[in-house]
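Below is one structure, written out as structure tokens, with a few remarks after it.
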Amino acid sequence: MSDGTPADLFFDAAISLLQRVRAEEAEAITAAGTLLADTVAAGGRLFAFGAGHSSLAAQDVVYRAGGLALMNLLTVPGVVGVDVTPATLGSALERVDGLAGAVLDTSPLRAGDALVIISLSGRNALPVEMAQGARALGVKVIGVTSVAYATQTTSRHSSGTFLKDHCDIVLDSKIAVGDAELTLDTIPAPFAPASTVVTSALMQAVMATTAATLADRGIEPPLLRSGNVDGGHDWNGRIMTEYGDRIFYRH
């Protein structure tokens, strides 16, 4: 590791990744935002899914100030977040064949909807089967993943494929295999992961593109306001009522 505090070096690494994603994924971000805008304009619903820490970026765009009210979290018990005990159970469930099918069979997803699937490695059975199953239903799938894993690791799905192989649009987070940006001679393992920073930024860039695209078409984007500013609750109440048939996190 070169000169500089560990904090400085992490910020440098994160900024470098963000700049790379901004430059190299601009076309894909525009395409993803346009796809979501198309879905909203056509009366479809929006969903996001991620397992483990990948779920953080999915949760970051659901029911939040400045975000699209129509973005719903597709949940898988024991997999969304790290609140399951033991935490290792979540990792194990990602590798279970058939789990995605059971989730999709009981979810509100239907043809004409759009699903964003976030998986850093994209190699486990759950995200692969989630993408396969969603597309079979007629759902458009956007994958947010590190494409590097497909060339440096092997798939854990029986097909030998990765999430990126089953998406309408792929956003590459550029995260290196192992998701740790720093090394020190005095520390035996790489440390300081940046995937959450980069993936969350990618998701918000897509959301911003979606909102602006809708506005360009003369459609008011259904955005939520902070409940901590005057008038926020009244605003959100109107949005919730107007789009209630496409919002599922209230029930």
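The way I read the labels, and the way they are meant: chains A, B, ... in the order of the structure tokens, residue 1 as the first residue of every chain, and ligand 1 as the first ligand shown, with later ones counted on from there.
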Could you pull out the residues in region 4-113 of chain A that DSSP calls strand (DSSP E) from the backbone, as a list of chain:residue names?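 Put together, the selection reads A:Leu46, A:Phe47, A:Ala48, A:Phe49, A:Gly50, A:Met71, A:Asn72, A:Leu73.
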Selection: 9 Å around region 12-21 of chain A, only C-alpha atoms, excl. self and same-chain fewer than 6 positions, as a list of chain:residue names: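 The contact residues come out as A:Leu171, A:Asp172, A:Ser173, A:Lys174, A:Ile175, A:Glu181, A:Leu182, A:Ala194, A:Ser195, A:Val197, A:Val198, A:Ala201, A:Leu202.
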Rank nothing, just name the residue among A:Val139, A:Leu99, A:Ile117, A:Ala41 nearest to Ser54 (chain A), using only C-alpha atoms. A:Ile117
Determine the nearest neighbour of Gly50 (chain A) from the options A:Ala69, A:Leu36, A:Ala92, A:Leu126, counting only C-alpha atoms.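 Smallest distance to Gly50 (chain A) is found for A:Leu126.
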Determine which residues of region 7-231 of chain A receive a DSSP assignment of alpha helix (DSSP H), computed from the backbone, and state them as JSON, numbers by chain. {"A": [7, 8, 9, 10, 11, 12, 13, 14, 15, 16, 17, 18, 19, 20, 21, 22, 23, 24, 26, 27, 28, 29, 30, 31, 32, 33, 34, 35, 36, 37, 38, 39, 40, 41, 54, 55, 56, 57, 58, 59, 88, 89, 90, 91, 92, 93, 99, 100, 101, 102, 103, 104, 105, 125, 126, 127, 128, 129, 130, 131, 132, 133, 134, 135, 136, 148, 149, 150, 151, 152, 195, 196, 197, 198, 199, 200, 201, 202, 203, 204, 205, 206, 207, 208, 209, 210, 211, 212, 213, 214, 215, 216]}
Near Ser55 (chain A), counting only C-alpha atoms, which residues have an atom at most 6 Å away, once you skip same-chain residues fewer than 3 positions from it, shown as a list of chain:residue names?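 My reading of the contact set: A:Gly50, A:Ala51, A:Gly52, A:Ala58, A:Val80, A:Gly81.
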Distance query His166 (chain A) at most 8 Å, only C-alpha atoms, self and fewer than 3 positions along chain excluded, as a PyMOL selection string: chain A and resi 128+131-132+135+141+162-163
Print the selection's residues with N, CA, C and O atoms to a file, as a PDB file, in the first residue's frame.
ATOM      1  N   VAL A 128     -29.062 -16.230 -10.288  1.00  0.00           N
ATOM      2  CA  VAL A 128     -29.166 -16.791 -11.640  1.00  0.00           C
ATOM      3  C   VAL A 128     -30.583 -17.272 -11.907  1.00  0.00           C
ATOM      4  O   VAL A 128     -31.203 -16.934 -12.931  1.00  0.00           O
ATOM      5  N   ALA A 131     -33.172 -14.414 -12.163  1.00  0.00           N
ATOM      6  CA  ALA A 131     -33.187 -13.771 -13.473  1.00  0.00           C
ATOM      7  C   ALA A 131     -33.856 -14.655 -14.511  1.00  0.00           C
ATOM      8  O   ALA A 131     -34.686 -14.190 -15.311  1.00  0.00           O
ATOM      9  N   GLN A 132     -33.526 -15.933 -14.518  1.00  0.00           N
ATOM     10  CA  GLN A 132     -34.134 -16.862 -15.464  1.00  0.00           C
ATOM     11  C   GLN A 132     -35.649 -16.911 -15.291  1.00  0.00           C
ATOM     12  O   GLN A 132     -36.409 -16.819 -16.260  1.00  0.00           O
ATOM     13  N   ARG A 135     -37.531 -13.556 -16.260  1.00  0.00           N
ATOM     14  CA  ARG A 135     -37.656 -13.363 -17.708  1.00  0.00           C
ATOM     15  C   ARG A 135     -38.678 -14.321 -18.311  1.00  0.00           C
ATOM     16  O   ARG A 135     -39.392 -13.975 -19.261  1.00  0.00           O
ATOM     17  N   VAL A 141     -35.315  -7.711 -16.885  1.00  0.00           N
ATOM     18  CA  VAL A 141     -34.339  -7.872 -15.809  1.00  0.00           C
ATOM     19  C   VAL A 141     -33.110  -7.010 -16.060  1.00  0.00           C
ATOM     20  O   VAL A 141     -32.501  -7.055 -17.141  1.00  0.00           O
ATOM     21  N   PHE A 162     -23.813 -17.251 -15.244  1.00  0.00           N
ATOM     22  CA  PHE A 162     -23.805 -16.200 -14.232  1.00  0.00           C
ATOM     23  C   PHE A 162     -25.028 -15.308 -14.416  1.00  0.00           C
ATOM     24  O   PHE A 162     -25.696 -15.352 -15.455  1.00  0.00           O
ATOM     25  N   LEU A 163     -25.277 -14.461 -13.431  1.00  0.00           N
ATOM     26  CA  LEU A 163     -26.386 -13.510 -13.516  1.00  0.00           C
ATOM     27  C   LEU A 163     -26.332 -12.720 -14.819  1.00  0.00           C
ATOM     28  O   LEU A 163     -27.354 -12.523 -15.478  1.00  0.00           O
TER      29      LEU A 163
END
Neighbour list for Leu224 (chain A) as an mmCIF file with all heavy atoms, in the first residue's frame, cut-off 6 Å, only C-alpha atoms, skip fewer than 5 positions in-chain:
data_model
loop_
_atom_site.group_PDB
_atom_site.id
_atom_site.type_symbol
_atom_site.label_atom_id
_atom_site.label_comp_id
_atom_site.auth_asym_id
_atom_site.auth_seq_id
_atom_site.Cartn_x
_atom_site.Cartn_y
_atom_site.Cartn_z
ATOM 1 N N ALA A 65 -36.805 9.099 0.788
ATOM 2 C CA ALA A 65 -36.938 10.482 0.329
ATOM 3 C C ALA A 65 -36.118 10.689 -0.937
ATOM 4 O O ALA A 65 -34.962 10.280 -1.015
ATOM 5 C CB ALA A 65 -36.468 11.444 1.417
ATOM 6 N N GLY A 66 -36.734 11.316 -1.924
ATOM 7 C CA GLY A 66 -36.060 11.557 -3.182
ATOM 8 C C GLY A 66 -36.056 10.377 -4.121
ATOM 9 O O GLY A 66 -35.494 10.456 -5.218
ATOM 10 N N GLY A 67 -36.687 9.281 -3.707
ATOM 11 C CA GLY A 67 -36.700 8.068 -4.522
ATOM 12 C C GLY A 67 -38.040 7.837 -5.177
ATOM 13 O O GLY A 67 -39.048 8.465 -4.840
ATOM 14 N N ALA A 69 -41.404 6.145 -5.715
ATOM 15 C CA ALA A 69 -42.330 5.440 -4.829
ATOM 16 C C ALA A 69 -42.657 4.048 -5.342
ATOM 17 O O ALA A 69 -43.067 3.181 -4.573
ATOM 18 C CB ALA A 69 -43.616 6.251 -4.678
ATOM 19 N N ASN A 236 -46.494 12.601 0.244
ATOM 20 C CA ASN A 236 -46.348 11.150 0.121
ATOM 21 C C ASN A 236 -47.697 10.447 0.149
ATOM 22 O O ASN A 236 -47.893 9.437 -0.539
ATOM 23 C CB ASN A 236 -45.444 10.616 1.231
ATOM 24 C CG ASN A 236 -44.005 11.080 1.067
ATOM 25 O OD1 ASN A 236 -43.590 11.496 -0.014
ATOM 26 N ND2 ASN A 236 -43.237 11.026 2.145
#
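The space separating CA of Ser158 (chain A) from CA of Gly112 (chain A) comes to 28.0 Å.
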What separation in Å, quoted to one decimal, exists between CA of Thr5 (chain A) and CA of Ile187 (chain A)? 14.7 Å
Near Ile239 (chain A), counting only C-alpha atoms, which residues have an atom at most 12 Å away, once you skip same-chain residues fewer than 4 positions from it, shown as a list in words?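 Contacts, with the query itself left out: Tyr63, Gly67, Leu68, Ala69, Leu70, Glu220, Pro221, Pro222, Leu223, Leu224, Arg225, Gly232, His233, Asp234, Trp235, Tyr243, Gly244, Asp245, Arg246 and Ile247 of chain A.
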Between A:Gly160, A:Gly122, A:Gly218, A:Gly43, single out the one closest to Val147 (chain A), counting only C-alpha atoms. A:Gly122
Residue neighbourhood Gln152 (chain A), 12 Å, only C-alpha atoms, exclusion window fewer than 2 positions, as a list in words: Ser121, Gly122, Arg123, Ser146, Val147, Ala148, Tyr149, Ala150, Thr154, Ser155, Phe162, Ala176, Val177 and Gly178 of chain A
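Closest approach to His53 (chain A) among A:Pro108, A:Gly101, A:Pro193, A:Gly138 is made by A:Pro193 (distances from only C-alpha atoms).
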